[in-house]
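Text of upload.tsv, listed as TSV, N, CA and C atoms:
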chain	number	residue	atom	x	y	z
A	1	ALA	N	-4.33	-0.50	19.93
A	1	ALA	CA	-3.41	-0.20	18.85
A	1	ALA	C	-2.13	-1.01	19.05
A	2	GLY	N	-1.43	-1.21	17.97
A	2	GLY	CA	-0.19	-1.94	18.04
A	2	GLY	C	0.51	-1.89	16.69
A	3	ARG	N	1.66	-2.48	16.64
A	3	ARG	CA	2.43	-2.53	15.40
A	3	ARG	C	2.03	-3.76	14.60
A	4	MET	N	2.07	-3.58	13.29
A	4	MET	CA	1.77	-4.70	12.41
A	4	MET	C	2.86	-4.79	11.35
A	5	PRO	N	3.11	-5.96	10.81
A	5	PRO	CA	4.10	-6.09	9.74
A	5	PRO	C	3.67	-5.26	8.53
A	6	VAL	N	4.64	-4.70	7.84
A	6	VAL	CA	4.39	-3.86	6.67
A	6	VAL	C	3.49	-4.56	5.67
A	7	HIS	N	3.75	-5.84	5.41
A	7	HIS	CA	3.02	-6.56	4.38
A	7	HIS	C	1.59	-6.94	4.76
A	8	ARG	N	1.16	-6.62	5.96
A	8	ARG	CA	-0.19	-6.96	6.40
A	8	ARG	C	-1.16	-5.77	6.35
A	9	THR	N	-0.67	-4.57	6.00
A	9	THR	CA	-1.54	-3.39	6.00
A	9	THR	C	-1.52	-2.69	4.65
A	10	SER	N	-2.59	-2.00	4.33
A	10	SER	CA	-2.64	-1.25	3.08
A	10	SER	C	-1.62	-0.11	3.10
A	11	LEU	N	-1.45	0.56	4.23
A	11	LEU	CA	-0.44	1.63	4.33
A	11	LEU	C	0.96	1.09	4.11
A	12	GLY	N	1.27	-0.02	4.75
A	12	GLY	CA	2.59	-0.60	4.61
A	12	GLY	C	2.87	-1.07	3.19
A	13	MET	N	1.88	-1.69	2.57
A	13	MET	CA	2.09	-2.19	1.22
A	13	MET	C	2.22	-1.07	0.20
A	14	VAL	N	1.50	0.02	0.39
A	14	VAL	CA	1.64	1.13	-0.54
A	14	VAL	C	3.02	1.77	-0.38
A	15	LEU	N	3.51	1.87	0.85
A	15	LEU	CA	4.86	2.39	1.06
A	15	LEU	C	5.90	1.48	0.42
A	16	LEU	N	5.72	0.19	0.59
A	16	LEU	CA	6.66	-0.77	0.01
A	16	LEU	C	6.58	-0.77	-1.52
A	17	ALA	N	5.38	-0.71	-2.06
A	17	ALA	CA	5.21	-0.71	-3.52
A	17	ALA	C	5.86	0.50	-4.18
A	18	TYR	N	5.88	1.62	-3.48
A	18	TYR	CA	6.46	2.84	-4.03
A	18	TYR	C	7.86	3.11	-3.50
A	19	SER	N	8.51	2.06	-3.02
A	19	SER	CA	9.90	2.13	-2.59
A	19	SER	C	10.79	1.64	-3.73
A	20	PRO	N	12.07	2.05	-3.72
A	20	PRO	CA	12.99	1.52	-4.74
A	20	PRO	C	13.09	0.00	-4.64
A	21	ASN	N	13.46	-0.64	-5.74
A	21	ASN	CA	13.56	-2.10	-5.78
A	21	ASN	C	14.47	-2.65	-4.69
A	22	HIS	N	15.60	-1.97	-4.42
A	22	HIS	CA	16.51	-2.51	-3.42
A	22	HIS	C	15.88	-2.50	-2.02
A	23	VAL	N	14.99	-1.56	-1.75
A	23	VAL	CA	14.28	-1.53	-0.47
A	23	VAL	C	13.30	-2.70	-0.40
A	24	GLN	N	12.59	-2.94	-1.49
A	24	GLN	CA	11.66	-4.07	-1.52
A	24	GLN	C	12.39	-5.38	-1.31
A	25	GLU	N	13.50	-5.56	-2.03
A	25	GLU	CA	14.27	-6.81	-1.90
A	25	GLU	C	14.83	-6.97	-0.49
A	26	SER	N	15.31	-5.90	0.08
A	26	SER	CA	15.83	-5.95	1.45
A	26	SER	C	14.73	-6.37	2.43
A	27	TYR	N	13.54	-5.81	2.25
A	27	TYR	CA	12.42	-6.17	3.12
A	27	TYR	C	12.10	-7.66	2.98
A	28	LEU	N	12.01	-8.13	1.74
A	28	LEU	CA	11.68	-9.54	1.52
A	28	LEU	C	12.75	-10.47	2.07
A	29	ASN	N	14.01	-10.07	1.99
A	29	ASN	CA	15.09	-10.89	2.54
A	29	ASN	C	15.02	-10.96	4.06
A	30	ARG	N	14.62	-9.86	4.70
A	30	ARG	CA	14.53	-9.82	6.16
A	30	ARG	C	13.22	-10.41	6.69
A	31	HIS	N	12.19	-10.49	5.82
A	31	HIS	CA	10.87	-10.95	6.26
A	31	HIS	C	10.34	-12.04	5.33
A	32	PRO	N	10.94	-13.22	5.38
A	32	PRO	CA	10.49	-14.30	4.49
A	32	PRO	C	9.02	-14.67	4.72
A	33	GLU	N	8.50	-14.35	5.89
A	33	GLU	CA	7.09	-14.67	6.15
A	33	GLU	C	6.15	-13.87	5.24
A	34	ALA	N	6.65	-12.80	4.64
A	34	ALA	CA	5.83	-11.99	3.74
A	34	ALA	C	5.41	-12.80	2.51
A	35	VAL	N	6.20	-13.78	2.15
A	35	VAL	CA	5.87	-14.60	0.98
A	35	VAL	C	5.65	-16.06	1.35
A	36	ALA	N	5.45	-16.33	2.63
A	36	ALA	CA	5.21	-17.70	3.09
A	36	ALA	C	3.88	-18.21	2.54
A	37	ALA	N	3.78	-19.49	2.39
A	37	ALA	CA	2.58	-20.10	1.81
A	37	ALA	C	1.31	-19.77	2.60
A	38	ALA	N	1.44	-19.53	3.91
A	38	ALA	CA	0.26	-19.24	4.72
A	38	ALA	C	-0.25	-17.82	4.52
A	39	ASP	N	0.53	-16.97	3.87
A	39	ASP	CA	0.14	-15.58	3.69
A	39	ASP	C	-0.78	-15.45	2.47
A	40	PRO	N	-1.94	-14.76	2.61
A	40	PRO	CA	-2.87	-14.64	1.50
A	40	PRO	C	-2.32	-13.93	0.26
A	41	VAL	N	-1.26	-13.13	0.40
A	41	VAL	CA	-0.70	-12.44	-0.78
A	41	VAL	C	0.50	-13.18	-1.34
A	42	SER	N	0.71	-14.42	-0.90
A	42	SER	CA	1.91	-15.15	-1.31
A	42	SER	C	1.90	-15.57	-2.78
A	43	PHE	N	0.76	-15.42	-3.46
A	43	PHE	CA	0.68	-15.88	-4.86
A	43	PHE	C	1.82	-15.31	-5.70
A	44	ASP	N	2.19	-14.09	-5.52
A	44	ASP	CA	3.35	-13.47	-6.16
A	44	ASP	C	3.50	-12.08	-5.58
A	45	PHE	N	4.30	-11.99	-4.56
A	45	PHE	CA	4.42	-10.75	-3.80
A	45	PHE	C	4.86	-9.59	-4.68
A	46	ARG	N	5.86	-9.81	-5.51
A	46	ARG	CA	6.36	-8.73	-6.37
A	46	ARG	C	5.31	-8.27	-7.36
A	47	ARG	N	4.55	-9.22	-7.91
A	47	ARG	CA	3.47	-8.85	-8.83
A	47	ARG	C	2.40	-8.05	-8.09
A	48	HIS	N	2.13	-8.44	-6.86
A	48	HIS	CA	1.16	-7.71	-6.05
A	48	HIS	C	1.60	-6.26	-5.85
A	49	LEU	N	2.89	-6.05	-5.56
A	49	LEU	CA	3.41	-4.68	-5.43
A	49	LEU	C	3.27	-3.92	-6.74
A	50	ALA	N	3.55	-4.58	-7.85
A	50	ALA	CA	3.43	-3.94	-9.16
A	50	ALA	C	1.97	-3.55	-9.45
A	51	GLN	N	1.04	-4.39	-9.05
A	51	GLN	CA	-0.38	-4.08	-9.26
A	51	GLN	C	-0.81	-2.88	-8.42
A	52	ILE	N	-0.27	-2.76	-7.23
A	52	ILE	CA	-0.57	-1.59	-6.40
A	52	ILE	C	-0.07	-0.34	-7.09
A	53	ARG	N	1.14	-0.39	-7.62
A	53	ARG	CA	1.69	0.77	-8.35
A	53	ARG	C	0.84	1.11	-9.57
A	54	LEU	N	0.39	0.09	-10.29
A	54	LEU	CA	-0.43	0.31	-11.48
A	54	LEU	C	-1.76	0.96	-11.13
A	55	ARG	N	-2.42	0.48	-10.07
A	55	ARG	CA	-3.70	1.05	-9.62
A	55	ARG	C	-3.51	2.40	-8.96
A	56	GLY	N	-2.38	2.56	-8.26
A	56	GLY	CA	-2.15	3.80	-7.53
A	56	GLY	C	-2.63	3.77	-6.09
A	57	TYR	N	-3.10	2.62	-5.64
A	57	TYR	CA	-3.56	2.49	-4.26
A	57	TYR	C	-3.55	1.03	-3.85
A	58	ALA	N	-3.62	0.82	-2.54
A	58	ALA	CA	-3.76	-0.53	-1.98
A	58	ALA	C	-5.07	-0.59	-1.22
A	59	ALA	N	-5.76	-1.69	-1.34
A	59	ALA	CA	-7.01	-1.90	-0.59
A	59	ALA	C	-7.06	-3.36	-0.16
A	60	PHE	N	-7.21	-3.56	1.13
A	60	PHE	CA	-7.25	-4.92	1.68
A	60	PHE	C	-8.50	-5.09	2.52
A	61	ASP	N	-9.28	-6.10	2.19
A	61	ASP	CA	-10.47	-6.42	2.97
A	61	ASP	C	-10.10	-7.35	4.11
A	62	GLY	N	-10.56	-7.01	5.30
A	62	GLY	CA	-10.47	-7.91	6.43
A	62	GLY	C	-9.10	-8.30	6.92
A	63	ARG	N	-8.07	-7.56	6.58
A	63	ARG	CA	-6.71	-7.93	7.01
A	63	ARG	C	-6.51	-7.68	8.51
A	64	VAL	N	-6.94	-6.52	8.97
A	64	VAL	CA	-6.75	-6.17	10.38
A	64	VAL	C	-8.00	-6.51	11.18
A	65	ASP	N	-9.15	-6.19	10.61
A	65	ASP	CA	-10.43	-6.45	11.23
A	65	ASP	C	-11.33	-7.05	10.15
A	66	ALA	N	-11.98	-8.13	10.45
A	66	ALA	CA	-12.77	-8.85	9.45
A	66	ALA	C	-13.89	-8.01	8.85
A	67	ASP	N	-14.29	-6.96	9.52
A	67	ASP	CA	-15.42	-6.15	9.07
A	67	ASP	C	-15.01	-4.84	8.40
A	68	THR	N	-13.73	-4.69	8.06
A	68	THR	CA	-13.27	-3.43	7.49
A	68	THR	C	-12.41	-3.63	6.25
A	69	THR	N	-12.24	-2.54	5.51
A	69	THR	CA	-11.34	-2.48	4.37
A	69	THR	C	-10.38	-1.33	4.61
A	70	GLY	N	-9.08	-1.58	4.48
A	70	GLY	CA	-8.08	-0.52	4.57
A	70	GLY	C	-7.72	-0.07	3.17
A	71	ILE	N	-7.69	1.25	2.96
A	71	ILE	CA	-7.37	1.83	1.66
A	71	ILE	C	-6.24	2.83	1.88
A	72	ALA	N	-5.20	2.77	1.04
A	72	ALA	CA	-4.07	3.69	1.20
A	72	ALA	C	-3.52	4.11	-0.16
A	73	VAL	N	-3.00	5.34	-0.20
A	73	VAL	CA	-2.34	5.88	-1.39
A	73	VAL	C	-0.99	6.44	-0.98
A	74	PRO	N	-0.04	6.49	-1.92
A	74	PRO	CA	1.28	7.04	-1.59
A	74	PRO	C	1.29	8.57	-1.66
A	75	VAL	N	2.21	9.16	-0.92
A	75	VAL	CA	2.53	10.58	-1.05
A	75	VAL	C	3.95	10.63	-1.59
A	76	PRO	N	4.10	10.82	-2.92
A	76	PRO	CA	5.43	10.78	-3.52
A	76	PRO	C	6.28	11.99	-3.13
A	77	GLY	N	7.57	11.73	-2.93
A	77	GLY	CA	8.53	12.78	-2.65
A	77	GLY	C	9.23	13.21	-3.93
A	78	PRO	N	10.31	13.96	-3.80
A	78	PRO	CA	11.02	14.50	-4.97
A	78	PRO	C	11.51	13.45	-5.96
A	79	GLN	N	11.85	12.26	-5.53
A	79	GLN	CA	12.32	11.22	-6.43
A	79	GLN	C	11.20	10.33	-6.96
A	80	GLY	N	9.96	10.61	-6.55
A	80	GLY	CA	8.83	9.80	-6.98
A	80	GLY	C	8.54	8.61	-6.08
A	81	ASN	N	9.42	8.35	-5.13
A	81	ASN	CA	9.18	7.27	-4.17
A	81	ASN	C	8.27	7.79	-3.05
A	82	ALA	N	7.59	6.88	-2.39
A	82	ALA	CA	6.68	7.28	-1.32
A	82	ALA	C	7.46	7.84	-0.14
A	83	GLN	N	7.11	9.04	0.25
A	83	GLN	CA	7.67	9.65	1.46
A	83	GLN	C	6.74	9.43	2.63
A	84	ALA	N	5.47	9.17	2.30
A	84	ALA	CA	4.44	8.94	3.31
A	84	ALA	C	3.29	8.24	2.60
A	85	ALA	N	2.26	7.93	3.35
A	85	ALA	CA	1.05	7.35	2.78
A	85	ALA	C	-0.15	7.90	3.54
A	86	LEU	N	-1.26	8.00	2.84
A	86	LEU	CA	-2.52	8.39	3.45
A	86	LEU	C	-3.45	7.21	3.38
A	87	GLY	N	-4.18	6.96	4.44
A	87	GLY	CA	-5.08	5.83	4.42
A	87	GLY	C	-6.31	6.05	5.28
A	88	VAL	N	-7.31	5.26	4.98
A	88	VAL	CA	-8.54	5.25	5.76
A	88	VAL	C	-8.97	3.80	5.94
A	89	VAL	N	-9.81	3.59	6.93
A	89	VAL	CA	-10.43	2.29	7.15
A	89	VAL	C	-11.93	2.52	7.06
A	90	VAL	N	-12.58	1.74	6.20
A	90	VAL	CA	-14.02	1.86	6.00
A	90	VAL	C	-14.67	0.51	6.28
A	91	PRO	N	-15.97	0.52	6.54
A	91	PRO	CA	-16.65	-0.77	6.75
A	91	PRO	C	-16.57	-1.63	5.50
A	92	LEU	N	-16.44	-2.93	5.69
A	92	LEU	CA	-16.42	-3.87	4.57
A	92	LEU	C	-17.71	-3.69	3.77
A	93	GLY	N	-17.58	-3.60	2.45
A	93	GLY	CA	-18.74	-3.40	1.59
A	93	GLY	C	-19.21	-1.96	1.53
A	94	PHE	N	-18.39	-1.03	2.00
A	94	PHE	CA	-18.72	0.40	2.00
A	94	PHE	C	-19.16	0.81	0.60
A	95	GLU	N	-20.35	1.36	0.48
A	95	GLU	CA	-20.90	1.64	-0.85
A	95	GLU	C	-20.23	2.80	-1.57
A	96	ASN	N	-19.54	3.68	-0.88
A	96	ASN	CA	-18.86	4.81	-1.52
A	96	ASN	C	-17.36	4.57	-1.67
A	97	PHE	N	-16.94	3.30	-1.73
A	97	PHE	CA	-15.54	2.95	-1.84
A	97	PHE	C	-14.87	3.69	-3.00
A	98	GLN	N	-15.52	3.72	-4.15
A	98	GLN	CA	-14.91	4.33	-5.33
A	98	GLN	C	-14.76	5.84	-5.21
A	99	SER	N	-15.43	6.48	-4.27
A	99	SER	CA	-15.23	7.92	-4.06
A	99	SER	C	-14.10	8.20	-3.07
A	100	VAL	N	-13.75	7.21	-2.26
A	100	VAL	CA	-12.69	7.38	-1.27
A	100	VAL	C	-11.32	7.46	-1.93
A	101	VAL	N	-11.07	6.60	-2.91
A	101	VAL	CA	-9.76	6.55	-3.56
A	101	VAL	C	-9.41	7.88	-4.22
A	102	PRO	N	-10.29	8.48	-5.04
A	102	PRO	CA	-9.94	9.78	-5.63
A	102	PRO	C	-9.73	10.88	-4.59
A	103	ALA	N	-10.50	10.84	-3.52
A	103	ALA	CA	-10.32	11.85	-2.46
A	103	ALA	C	-8.94	11.71	-1.81
A	104	LEU	N	-8.52	10.47	-1.53
A	104	LEU	CA	-7.19	10.25	-0.96
A	104	LEU	C	-6.10	10.67	-1.95
A	105	MET	N	-6.29	10.34	-3.23
A	105	MET	CA	-5.29	10.70	-4.24
A	105	MET	C	-5.16	12.21	-4.39
A	106	THR	N	-6.27	12.92	-4.33
A	106	THR	CA	-6.24	14.38	-4.42
A	106	THR	C	-5.47	14.96	-3.24
A	107	ALA	N	-5.75	14.48	-2.06
A	107	ALA	CA	-5.03	14.95	-0.86
A	107	ALA	C	-3.54	14.63	-0.96
A	108	ALA	N	-3.21	13.42	-1.42
A	108	ALA	CA	-1.81	13.02	-1.54
A	108	ALA	C	-1.07	13.88	-2.56
A	109	ARG	N	-1.72	14.23	-3.69
A	109	ARG	CA	-1.09	15.11	-4.68
A	109	ARG	C	-0.80	16.48	-4.09
A	110	GLY	N	-1.73	17.01	-3.32
A	110	GLY	CA	-1.52	18.31	-2.68
A	110	GLY	C	-0.35	18.28	-1.72
A	111	ILE	N	-0.27	17.25	-0.90
A	111	ILE	CA	0.85	17.12	0.03
A	111	ILE	C	2.14	16.95	-0.74
A	112	SER	N	2.12	16.13	-1.78
A	112	SER	CA	3.31	15.89	-2.59
A	112	SER	C	3.84	17.20	-3.19
A	113	ARG	N	2.95	18.00	-3.74
A	113	ARG	CA	3.38	19.30	-4.29
A	113	ARG	C	4.01	20.17	-3.22
A	114	THR	N	3.44	20.15	-2.04
A	114	THR	CA	3.95	20.97	-0.93
A	114	THR	C	5.36	20.57	-0.54
A	115	ILE	N	5.66	19.27	-0.60
A	115	ILE	CA	7.00	18.80	-0.20
A	115	ILE	C	7.96	18.71	-1.39
A	116	GLY	N	7.52	19.21	-2.55
A	116	GLY	CA	8.39	19.19	-3.72
A	116	GLY	C	8.44	17.85	-4.41
A	117	GLY	N	7.38	17.07	-4.23
A	117	GLY	CA	7.36	15.73	-4.80
A	117	GLY	C	6.93	15.70	-6.24
A	118	THR	N	6.96	14.50	-6.78
A	118	THR	CA	6.54	14.23	-8.14
A	118	THR	C	5.30	13.36	-8.07
A	119	PRO	N	4.11	13.95	-8.14
A	119	PRO	CA	2.89	13.14	-8.00
A	119	PRO	C	2.85	11.99	-9.00
A	120	ALA	N	2.37	10.84	-8.50
A	120	ALA	CA	2.27	9.63	-9.35
A	120	ALA	C	1.18	9.81	-10.39
Here is the file; what I need is its structure written in the form of structure tokens.
Amino acid sequence: AGRMPVHRTSLGMVLLAYSPNHVQESYLNRHPEAVAAADPVSFDFRRHLAQIRLRGYAAFDGRVDADTTGIAVPVPGPQGNAQAALGVVVPLGFENFQSVVPALMTAARGISRTIGGTPA
């Protein structure tokens, strides 16, 4: 186990996507490598964050381990921003991928209600 940059994990990206704009901009200013040409998400980092918000989850194939997919959803707090995230790692090509996302979202909504959040 170890630490990884926020922009390299599904959990980190979902937290960043559901953060206020000033938090996103601050992160990008401190971590220019997040949008460097060598980074696979460099095509348009801000658009990528917006797409995560639109879908309601982040899923990255092979980012940490070439044989896995990381899936994460936000746990919104009272202001609607992510207070936490829930995630799982499944084998690449996992056939029940589409059942994992709703299960994570259901759990996140329950936690959000418990902490007085505004579910996404």
Q. What is the atom N of Ser10 of chain A-atom CA of Ser99 of chain A distance in Å, reported with one decimal?
A.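 Going from atom N of Ser10 of chain A over to atom CA of Ser99 of chain A, I get 18.1 Å.
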Q. Per DSSP on the backbone, what are the helix (DSSP H, G or I) residues of segment 6-96 of chain A, as a PyMOL selection string?
A. chain A and resi 6-8+10-17+21-30+32-35+45-55
Q | Long-range neighbours of Gln83 of chain A as a PyMOL selection string, 8 Å cut-off, all atoms listed in the file, 4 positions minimum in chain | A | chain A and resi 15+18-19+74-78
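Between His48 of chain A and the residues A:Gly80, A:Gly70, A:Phe97, A:Ala34, the shortest atom-to-atom distance, using only C-alpha atoms, involves A:Ala34.
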Q) From the set A:Leu54, A:Met4, A:Leu49, A:Leu86, which residue has the shortest atom-to-atom contact distance to Leu16 of chain A, counting only N, CA and C atoms? A) A:Leu49
(Q) Could you tell me how far atom CA of Met13 of chain A sits from atom C of Asp67 of chain A, in Å to one decimal place? (A) 18.7 Å
